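**Q** Below you'll find input.cif; it's mmCIF, C-alpha atoms and all ligand atoms.
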data_data
loop_
_atom_site.group_PDB
_atom_site.id
_atom_site.type_symbol
_atom_site.label_atom_id
_atom_site.label_comp_id
_atom_site.auth_asym_id
_atom_site.auth_seq_id
_atom_site.Cartn_x
_atom_site.Cartn_y
_atom_site.Cartn_z
ATOM 1 C CA MET K 1 -8.370 52.071 59.923
ATOM 2 C CA THR K 2 -12.131 52.252 59.975
ATOM 3 C CA THR K 3 -13.887 54.867 57.902
ATOM 4 C CA VAL K 4 -17.551 55.699 57.885
ATOM 5 C CA GLU K 5 -19.381 57.152 54.934
ATOM 6 C CA MET K 6 -22.565 59.035 55.621
ATOM 7 C CA ASN K 7 -25.107 57.840 53.132
ATOM 8 C CA ALA K 8 -27.980 60.293 52.885
ATOM 9 C CA ASN K 9 -30.304 57.470 51.803
ATOM 10 C CA THR K 10 -29.718 55.024 54.620
ATOM 11 C CA TRP K 11 -30.667 57.018 57.723
ATOM 12 C CA VAL K 12 -33.970 55.663 58.998
ATOM 13 C CA ALA K 13 -36.259 57.383 61.464
ATOM 14 C CA THR K 14 -35.316 56.235 64.930
ATOM 15 C CA PRO K 15 -36.734 56.923 68.402
ATOM 16 C CA LEU K 16 -34.320 58.904 70.541
ATOM 17 C CA PRO K 17 -33.449 56.840 73.636
ATOM 18 C CA PRO K 18 -33.256 58.531 77.054
ATOM 19 C CA ALA K 19 -29.938 60.076 78.129
ATOM 20 C CA SER K 20 -27.884 58.874 81.084
ATOM 21 C CA GLY K 21 -24.669 59.909 82.771
ATOM 22 C CA PRO K 22 -22.042 61.052 83.070
ATOM 23 C CA THR K 23 -21.281 58.599 85.847
ATOM 24 C CA GLY K 24 -17.780 59.922 86.502
ATOM 25 C CA VAL K 25 -15.014 62.088 85.078
ATOM 26 C CA ALA K 26 -13.002 59.944 82.673
ATOM 27 C CA GLY K 27 -9.397 60.626 81.733
ATOM 28 C CA VAL K 28 -8.143 62.153 84.950
ATOM 29 C CA GLU K 29 -5.726 59.280 85.543
ATOM 30 C CA HIS K 30 -3.851 59.697 82.247
ATOM 31 C CA TYR K 31 -1.808 62.840 82.709
ATOM 32 C CA GLY K 32 0.621 64.199 85.256
ATOM 33 C CA GLU K 33 -0.135 67.777 84.259
ATOM 34 C CA PRO K 34 -2.637 70.363 85.498
ATOM 35 C CA LEU K 35 -6.092 69.798 83.998
ATOM 36 C CA ALA K 36 -7.637 72.563 81.888
ATOM 37 C CA ALA K 37 -11.262 71.506 81.441
ATOM 38 C CA VAL K 38 -13.861 68.785 81.889
ATOM 39 C CA VAL K 39 -15.595 68.425 78.527
ATOM 40 C CA ARG K 40 -19.083 66.907 78.527
ATOM 41 C CA LEU K 41 -20.670 65.320 75.517
ATOM 42 C CA ASP K 42 -23.698 63.225 74.578
ATOM 43 C CA VAL K 43 -22.991 60.162 72.449
ATOM 44 C CA ALA K 44 -25.664 58.018 70.788
ATOM 45 C CA LEU K 45 -24.739 54.326 70.677
ATOM 46 C CA THR K 46 -26.249 51.145 69.299
ATOM 47 C CA ARG K 47 -26.835 48.200 71.612
ATOM 48 C CA GLY K 48 -23.916 46.435 69.886
ATOM 49 C CA GLN K 49 -21.577 49.324 70.613
ATOM 50 C CA ILE K 50 -22.677 49.343 74.255
ATOM 51 C CA LEU K 51 -22.125 45.592 74.520
ATOM 52 C CA ALA K 52 -18.650 45.965 72.986
ATOM 53 C CA ALA K 53 -17.852 48.713 75.495
ATOM 54 C CA VAL K 54 -18.954 46.575 78.428
ATOM 55 C CA ALA K 55 -17.037 43.575 77.077
ATOM 56 C CA GLU K 56 -13.913 45.721 76.933
ATOM 57 C CA GLY K 57 -14.415 47.021 80.459
ATOM 58 C CA PHE K 58 -15.181 43.530 81.722
ATOM 59 C CA SER K 59 -11.928 42.177 80.283
ATOM 60 C CA TYR K 60 -10.237 43.901 83.230
ATOM 61 C CA ARG K 61 -12.757 42.499 85.709
ATOM 62 C CA GLU K 62 -13.029 38.850 84.786
ATOM 63 C CA ASP K 63 -13.085 37.905 88.447
ATOM 64 C CA ARG K 64 -16.670 39.182 88.435
ATOM 65 C CA ASP K 65 -19.929 37.487 87.555
ATOM 66 C CA PRO K 66 -21.542 39.643 84.828
ATOM 67 C CA ASP K 67 -24.907 39.279 86.544
ATOM 68 C CA THR K 68 -23.545 41.066 89.633
ATOM 69 C CA LEU K 69 -22.428 44.195 87.745
ATOM 70 C CA THR K 70 -24.313 47.243 88.973
ATOM 71 C CA VAL K 71 -25.934 49.817 86.697
ATOM 72 C CA ALA K 72 -23.324 52.385 87.743
ATOM 73 C CA GLU K 73 -20.466 49.972 86.974
ATOM 74 C CA VAL K 74 -21.847 49.176 83.529
ATOM 75 C CA ARG K 75 -22.407 52.825 82.652
ATOM 76 C CA TRP K 76 -18.930 53.735 83.826
ATOM 77 C CA MET K 77 -17.424 50.979 81.640
ATOM 78 C CA VAL K 78 -19.284 52.402 78.650
ATOM 79 C CA GLU K 79 -18.195 55.983 79.353
ATOM 80 C CA GLN K 80 -14.573 54.900 79.739
ATOM 81 C CA ALA K 81 -14.662 52.892 76.503
ATOM 82 C CA ILE K 82 -15.963 55.946 74.633
ATOM 83 C CA GLU K 83 -13.203 58.060 76.136
ATOM 84 C CA THR K 84 -10.366 55.661 75.367
ATOM 85 C CA GLY K 85 -11.438 54.149 72.048
ATOM 86 C CA GLY K 86 -14.293 56.113 70.562
ATOM 87 C CA THR K 87 -17.475 55.108 68.803
ATOM 88 C CA LEU K 88 -15.881 53.865 65.571
ATOM 89 C CA ALA K 89 -13.715 51.406 67.483
ATOM 90 C CA LEU K 90 -16.791 50.238 69.385
ATOM 91 C CA ALA K 91 -18.696 49.708 66.130
ATOM 92 C CA ALA K 92 -15.811 47.601 64.799
ATOM 93 C CA ASP K 93 -15.662 45.654 68.075
ATOM 94 C CA ALA K 94 -19.414 45.042 67.884
ATOM 95 C CA ASP K 95 -18.994 43.618 64.368
ATOM 96 C CA THR K 96 -16.319 41.282 65.711
ATOM 97 C CA ILE K 97 -18.643 40.122 68.482
ATOM 98 C CA TRP K 98 -21.539 39.433 66.113
ATOM 99 C CA ASP K 99 -19.202 37.651 63.666
ATOM 100 C CA GLY K 100 -18.045 35.294 66.404
ATOM 101 C CA PHE K 101 -21.086 34.852 68.586
ATOM 102 C CA GLY K 102 -22.753 31.484 68.138
ATOM 103 C CA THR K 103 -19.907 30.008 66.064
ATOM 104 C CA ASP K 104 -17.799 27.009 67.031
ATOM 105 C CA ASP K 105 -14.868 29.359 67.726
ATOM 106 C CA TRP K 106 -16.675 30.511 70.830
ATOM 107 C CA GLY K 107 -16.742 28.070 73.679
ATOM 108 C CA ALA K 108 -19.704 27.695 75.984
ATOM 109 C CA GLU K 109 -18.007 29.778 78.674
ATOM 110 C CA LEU K 110 -17.380 32.772 76.414
ATOM 111 C CA THR K 111 -20.894 32.562 74.985
ATOM 112 C CA GLU K 112 -22.429 32.475 78.454
ATOM 113 C CA ARG K 113 -20.279 35.413 79.561
ATOM 114 C CA MET K 114 -21.424 37.513 76.599
ATOM 115 C CA LEU K 115 -25.057 36.684 77.360
ATOM 116 C CA GLY K 116 -24.444 37.802 80.952
ATOM 117 C CA LEU K 117 -22.913 41.051 79.697
ATOM 118 C CA ALA K 118 -25.933 41.552 77.428
ATOM 119 C CA ARG K 119 -28.188 41.213 80.478
ATOM 120 C CA ALA K 120 -26.010 43.787 82.253
ATOM 121 C CA VAL K 121 -26.408 46.152 79.293
ATOM 122 C CA ASP K 122 -30.188 45.785 79.473
ATOM 123 C CA ARG K 123 -30.161 46.569 83.218
ATOM 124 C CA ALA K 124 -28.137 49.742 82.629
ATOM 125 C CA TYR K 125 -29.986 50.819 79.482
ATOM 126 C CA PRO K 126 -33.451 49.180 79.583
ATOM 127 C CA PRO K 127 -34.664 48.410 76.049
ATOM 128 C CA ALA K 128 -38.206 49.300 77.055
ATOM 129 C CA GLY K 129 -37.197 52.879 77.790
ATOM 130 C CA SER K 130 -37.681 55.398 75.041
ATOM 131 C CA SER K 131 -38.910 58.897 74.459
ATOM 132 C CA PRO K 132 -41.590 60.094 72.037
ATOM 133 C CA ILE K 133 -38.927 61.933 70.052
ATOM 134 C CA VAL K 134 -38.068 60.572 66.618
ATOM 135 C CA LEU K 135 -35.000 61.561 64.641
ATOM 136 C CA ASP K 136 -35.997 61.697 61.008
ATOM 137 C CA GLY K 137 -34.961 63.142 57.694
ATOM 138 C CA THR K 138 -31.438 62.449 56.486
ATOM 139 C CA PRO K 139 -27.960 63.213 57.865
ATOM 140 C CA MET K 140 -27.780 66.164 55.448
ATOM 141 C CA ASP K 141 -31.300 67.357 56.292
ATOM 142 C CA PRO K 142 -32.123 66.186 59.818
ATOM 143 C CA VAL K 143 -35.474 66.634 61.501
ATOM 144 C CA ALA K 144 -36.568 65.800 65.024
ATOM 145 C CA ARG K 145 -40.267 65.502 65.809
ATOM 146 C CA CYS K 146 -42.290 64.658 68.883
ATOM 147 C CA THR K 147 -44.871 61.916 68.489
ATOM 148 C CA ALA K 148 -46.616 62.594 71.818
ATOM 149 C CA ARG K 149 -50.330 63.249 71.454
ATOM 150 C CA ASN K 150 -51.211 66.931 71.011
ATOM 151 C CA CYS K 151 -47.581 68.060 71.116
ATOM 152 C CA GLY K 152 -46.458 68.725 67.561
ATOM 153 C CA TRP K 153 -42.945 69.855 68.510
ATOM 154 C CA THR K 154 -40.373 69.704 65.728
ATOM 155 C CA ALA K 155 -36.806 70.902 65.175
ATOM 156 C CA HIS K 156 -35.224 71.331 61.791
ATOM 157 C CA SER K 157 -31.723 72.514 60.930
ATOM 158 C CA ASP K 158 -28.934 71.536 58.577
ATOM 159 C CA ASP K 159 -26.878 70.889 61.734
ATOM 160 C CA VAL K 160 -27.550 67.377 63.064
ATOM 161 C CA ALA K 161 -25.837 68.179 66.385
ATOM 162 C CA PHE K 162 -28.194 71.127 66.931
ATOM 163 C CA VAL K 163 -31.262 69.043 66.105
ATOM 164 C CA SER K 164 -30.163 66.169 68.353
ATOM 165 C CA GLU K 165 -29.440 68.465 71.281
ATOM 166 C CA ALA K 166 -32.794 70.228 70.918
ATOM 167 C CA ALA K 167 -34.496 66.821 70.765
ATOM 168 C CA LEU K 168 -32.753 65.637 73.920
ATOM 169 C CA ARG K 169 -33.895 68.774 75.757
ATOM 170 C CA HIS K 170 -37.468 68.431 74.511
ATOM 171 C CA ALA K 171 -37.526 64.743 75.544
ATOM 172 C CA GLU K 172 -37.207 65.872 79.169
ATOM 173 C CA VAL K 173 -40.661 67.445 78.838
ATOM 174 C CA HIS K 174 -42.204 63.990 78.488
ATOM 175 C CA GLY K 175 -39.791 61.754 80.399
ATOM 176 C CA VAL K 176 -39.173 58.109 79.548
ATOM 177 C CA VAL K 177 -42.129 56.224 78.111
ATOM 178 C CA ALA K 178 -42.725 52.576 77.246
ATOM 179 C CA ARG K 179 -41.781 51.790 73.667
HETATM 180 ZN ZN ZN K 201 -43.396 66.784 72.786
#
Do you think you could lay out the structure here as structure tokens?

**A**
Amino acid sequence: MTTVEMNANTWVATPLPPASGPTGVAGVEHYGEPLAAVVRLDVALTRGQILAAVAEGFSYREDRDPDTLTVAEVRWMVEQAIETGGTLALAADADTIWDGFGTDDWGAELTERMLGLARAVDRAYPPAGSSPIVLDGTPMDPVARCTARNCGWTAHSDDVAFVSEAALRHAEVHGVVAR
């Protein structure tokens, strides 16, 4: 079982990427009972976690060429992987990918497929896209601040979820900017 320790000294200031989705309602196929709610949530992921999510989704679609995957298909794979496995599983899967990638254990075909999936990830979540919002401080004392000229917006709370949500809302003021 994977455990994560929050280390108050290791959180570095990071630009808040733009939000996307939801692309669909995940989970509706699992249960033969009446549904009670559709719960929405925002989940921040690393590029490795996104790649792991797409690799998982693609394992059911190996008849496809990764370079033909649409943005909507890629985003839906990611949303489904979050719903079924969660972010900790994706982080562990990403570690497995990075441990194997480029080694002799990976054949040329698998390596090329992963590169294709990485290109698909970049189409769905362009690396050039960012917002002027920076998450700063530490997990125990989080701060969000806007780096746009003449703005000066900040949010500060001991609740990282509150700060992140406020930052996401403020980011909409500026839209996506080049990093
Ligand atoms: Zn601002």

**Q** Would you work out the distance separating atom CA of K:Pro17 from atom CA of K:Arg75, expressed in Å to one decimal?

**A** 14.8 Å

**Q** List the residues selected by the PyMOL selection byres (((chain K and resi 72) around 12) and not hetatm) in the file shown, writing them as a PDB file with C-alpha atoms, in the coordinates of the input.

**A**
ATOM      1  CA  SER K  20     -27.884  58.874  81.084  1.00  0.00           C
ATOM      2  CA  GLY K  21     -24.669  59.909  82.771  1.00  0.00           C
ATOM      3  CA  PRO K  22     -22.042  61.052  83.070  1.00  0.00           C
ATOM      4  CA  THR K  23     -21.281  58.599  85.847  1.00  0.00           C
ATOM      5  CA  GLY K  24     -17.780  59.922  86.502  1.00  0.00           C
ATOM      6  CA  VAL K  54     -18.954  46.575  78.428  1.00  0.00           C
ATOM      7  CA  THR K  68     -23.545  41.066  89.633  1.00  0.00           C
ATOM      8  CA  LEU K  69     -22.428  44.195  87.745  1.00  0.00           C
ATOM      9  CA  THR K  70     -24.313  47.243  88.973  1.00  0.00           C
ATOM     10  CA  VAL K  71     -25.934  49.817  86.697  1.00  0.00           C
ATOM     11  CA  GLU K  73     -20.466  49.972  86.974  1.00  0.00           C
ATOM     12  CA  VAL K  74     -21.847  49.176  83.529  1.00  0.00           C
ATOM     13  CA  ARG K  75     -22.407  52.825  82.652  1.00  0.00           C
ATOM     14  CA  TRP K  76     -18.930  53.735  83.826  1.00  0.00           C
ATOM     15  CA  MET K  77     -17.424  50.979  81.640  1.00  0.00           C
ATOM     16  CA  VAL K  78     -19.284  52.402  78.650  1.00  0.00           C
ATOM     17  CA  GLU K  79     -18.195  55.983  79.353  1.00  0.00           C
ATOM     18  CA  ALA K 120     -26.010  43.787  82.253  1.00  0.00           C
ATOM     19  CA  VAL K 121     -26.408  46.152  79.293  1.00  0.00           C
ATOM     20  CA  ARG K 123     -30.161  46.569  83.218  1.00  0.00           C
ATOM     21  CA  ALA K 124     -28.137  49.742  82.629  1.00  0.00           C
ATOM     22  CA  TYR K 125     -29.986  50.819  79.482  1.00  0.00           C
TER      23      TYR K 125
END

**Q** Please, which residues have at least one atom within 10 Å of an atom of ligand ZN 201 (chain K), using only C-alpha atoms and all ligand atoms, listed as a list of chain:residue names?

**A**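 Here is the list of contacting residues: K:Ser131, K:Pro132, K:Ile133, K:Arg145, K:Cys146, K:Thr147, K:Ala148, K:Arg149, K:Asn150, K:Cys151, K:Gly152, K:Trp153, K:Thr154, K:Ala167, K:His170, K:Ala171, K:Glu172, K:Val173, K:His174, K:Gly175.
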
**Q** Please list as a PyMOL selection string every residue within 8 Å of K:Leu168, counting all atoms listed in the file and excluding residues in the same chain fewer than 3 positions away.

**A** chain K and resi 16+18-19+164-165+171-172

**Q** Leaving out K:Asp67 and any residue of its chain fewer than 3 positions from it, which residues lie within 8 Å of it when counting only C-alpha atoms, given as a compact mmCIF listing (two decimals) with C-alpha atoms, in the coordinates of the input?

**A**
# COMPACT_ATOMS: atom_id res chain seq x y z
CA GLY K 116 -24.44 37.80 80.95
CA LEU K 117 -22.91 41.05 79.70
CA ARG K 119 -28.19 41.21 80.48
CA ALA K 120 -26.01 43.79 82.25

**Q** Report, as AutoDock Vina command-line options, the centre and edge lengths in Å (one decimal) of the axis-aligned box enclosing every listed atom of stretch 53-66 of chain K, padded by 4 Å on each side.

**A**
--center_x -15.9 --center_y 43.1 --center_z 82.0 --size_x 19.3 --size_y 19.2 --size_z 21.0

**Q** State, in Å with one decimal place, the distance from atom CA of K:Val39 to atom CA of K:Gln80.

**A** 13.6 Å

**Q** Between atom CA of K:Val160 and atom CA of K:Ala36, what is the distance, to one decimal in Å?

**A** 27.9 Å

**Q** K:Ile97, K:Val163, K:Ser130, K:Val25: which is nearest K:Arg40, counting all atoms listed in the file?

**A**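 Among the listed residues, K:Val25 lies closest to K:Arg40.
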
**Q** Can you list, as an NGL selection string, the residues that the PyMOL selection byres (((chain K and resi 140) around 9) and not hetatm) selects here?

**A** :K and (6 or 8 or 137-139 or 141-142 or 158-160)

**Q** Measuring between all atoms listed in the file, which one of K:Leu45, K:Val143, K:Thr84, K:Ala92 shows the shortest distance to K:Glu29?

**A**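 The shortest atom-to-atom distance to K:Glu29 comes from K:Thr84.
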
**Q** Could the residues of stretch 61-98 of chain K that have an atom at most 12 Å from stretch 104-112 of chain K be listed as CSV, each with its closest atom pair and the distance in Å to one decimal, counting all atoms listed in the file and ordered by chain and ascending residue number?

**A**
residue,atom,partner,partner_atom,distance
K:Glu62,CA,K:Leu110,CA,11.2
K:Asp65,CA,K:Glu112,CA,10.7
K:Pro66,CA,K:Glu112,CA,9.6
K:Asp67,CA,K:Glu112,CA,10.9
K:Thr96,CA,K:Trp106,CA,11.9
K:Ile97,CA,K:Trp106,CA,10.1
K:Trp98,CA,K:Trp106,CA,11.2

**Q** Starting from the sparse input, extend stretch 87-106 of chain K to N, CA and C atoms and give the output as a compact mmCIF listing (two decimals), in the coordinates of the input.

**A**
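The result, written out as rebuild-v7.txt:
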# COMPACT_ATOMS: atom_id res chain seq x y z
N THR K 87 -16.31 55.83 69.30
CA THR K 87 -17.48 55.11 68.80
C THR K 87 -17.16 54.24 67.58
N LEU K 88 -16.22 54.67 66.75
CA LEU K 88 -15.88 53.86 65.57
C LEU K 88 -15.22 52.55 65.98
N ALA K 89 -14.34 52.63 66.98
CA ALA K 89 -13.72 51.41 67.48
C ALA K 89 -14.77 50.49 68.09
N LEU K 90 -15.74 51.06 68.79
CA LEU K 90 -16.79 50.24 69.39
C LEU K 90 -17.65 49.58 68.31
N ALA K 91 -17.91 50.30 67.23
CA ALA K 91 -18.70 49.71 66.13
C ALA K 91 -17.94 48.53 65.52
N ALA K 92 -16.63 48.69 65.35
CA ALA K 92 -15.81 47.60 64.80
C ALA K 92 -15.78 46.42 65.77
N ASP K 93 -15.67 46.73 67.07
CA ASP K 93 -15.66 45.65 68.08
C ASP K 93 -17.01 44.92 68.09
N ALA K 94 -18.09 45.67 67.91
CA ALA K 94 -19.41 45.04 67.88
C ALA K 94 -19.52 44.09 66.70
N ASP K 95 -18.98 44.50 65.54
CA ASP K 95 -18.99 43.62 64.37
C ASP K 95 -18.24 42.33 64.67
N THR K 96 -17.12 42.47 65.36
CA THR K 96 -16.32 41.28 65.71
C THR K 96 -17.11 40.34 66.62
N ILE K 97 -17.83 40.95 67.58
CA ILE K 97 -18.64 40.12 68.48
C ILE K 97 -19.71 39.37 67.69
N TRP K 98 -20.44 40.09 66.84
CA TRP K 98 -21.54 39.43 66.11
C TRP K 98 -21.01 38.39 65.13
N ASP K 99 -19.79 38.64 64.58
CA ASP K 99 -19.20 37.65 63.67
C ASP K 99 -18.87 36.35 64.40
N GLY K 100 -18.49 36.47 65.67
CA GLY K 100 -18.05 35.29 66.40
C GLY K 100 -19.13 34.61 67.20
N PHE K 101 -20.07 35.39 67.67
CA PHE K 101 -21.09 34.85 68.59
C PHE K 101 -21.88 33.71 67.93
N GLY K 102 -21.98 32.61 68.65
CA GLY K 102 -22.75 31.48 68.14
C GLY K 102 -21.97 30.54 67.24
N THR K 103 -20.71 30.90 66.90
CA THR K 103 -19.91 30.01 66.06
C THR K 103 -19.13 29.02 66.94
N ASP K 104 -18.55 28.03 66.29
CA ASP K 104 -17.80 27.01 67.03
C ASP K 104 -16.54 27.59 67.67
N ASP K 105 -16.07 28.74 67.16
CA ASP K 105 -14.87 29.36 67.73
C ASP K 105 -15.10 29.82 69.16
N TRP K 106 -16.35 30.06 69.49
CA TRP K 106 -16.68 30.51 70.83
C TRP K 106 -17.04 29.31 71.69
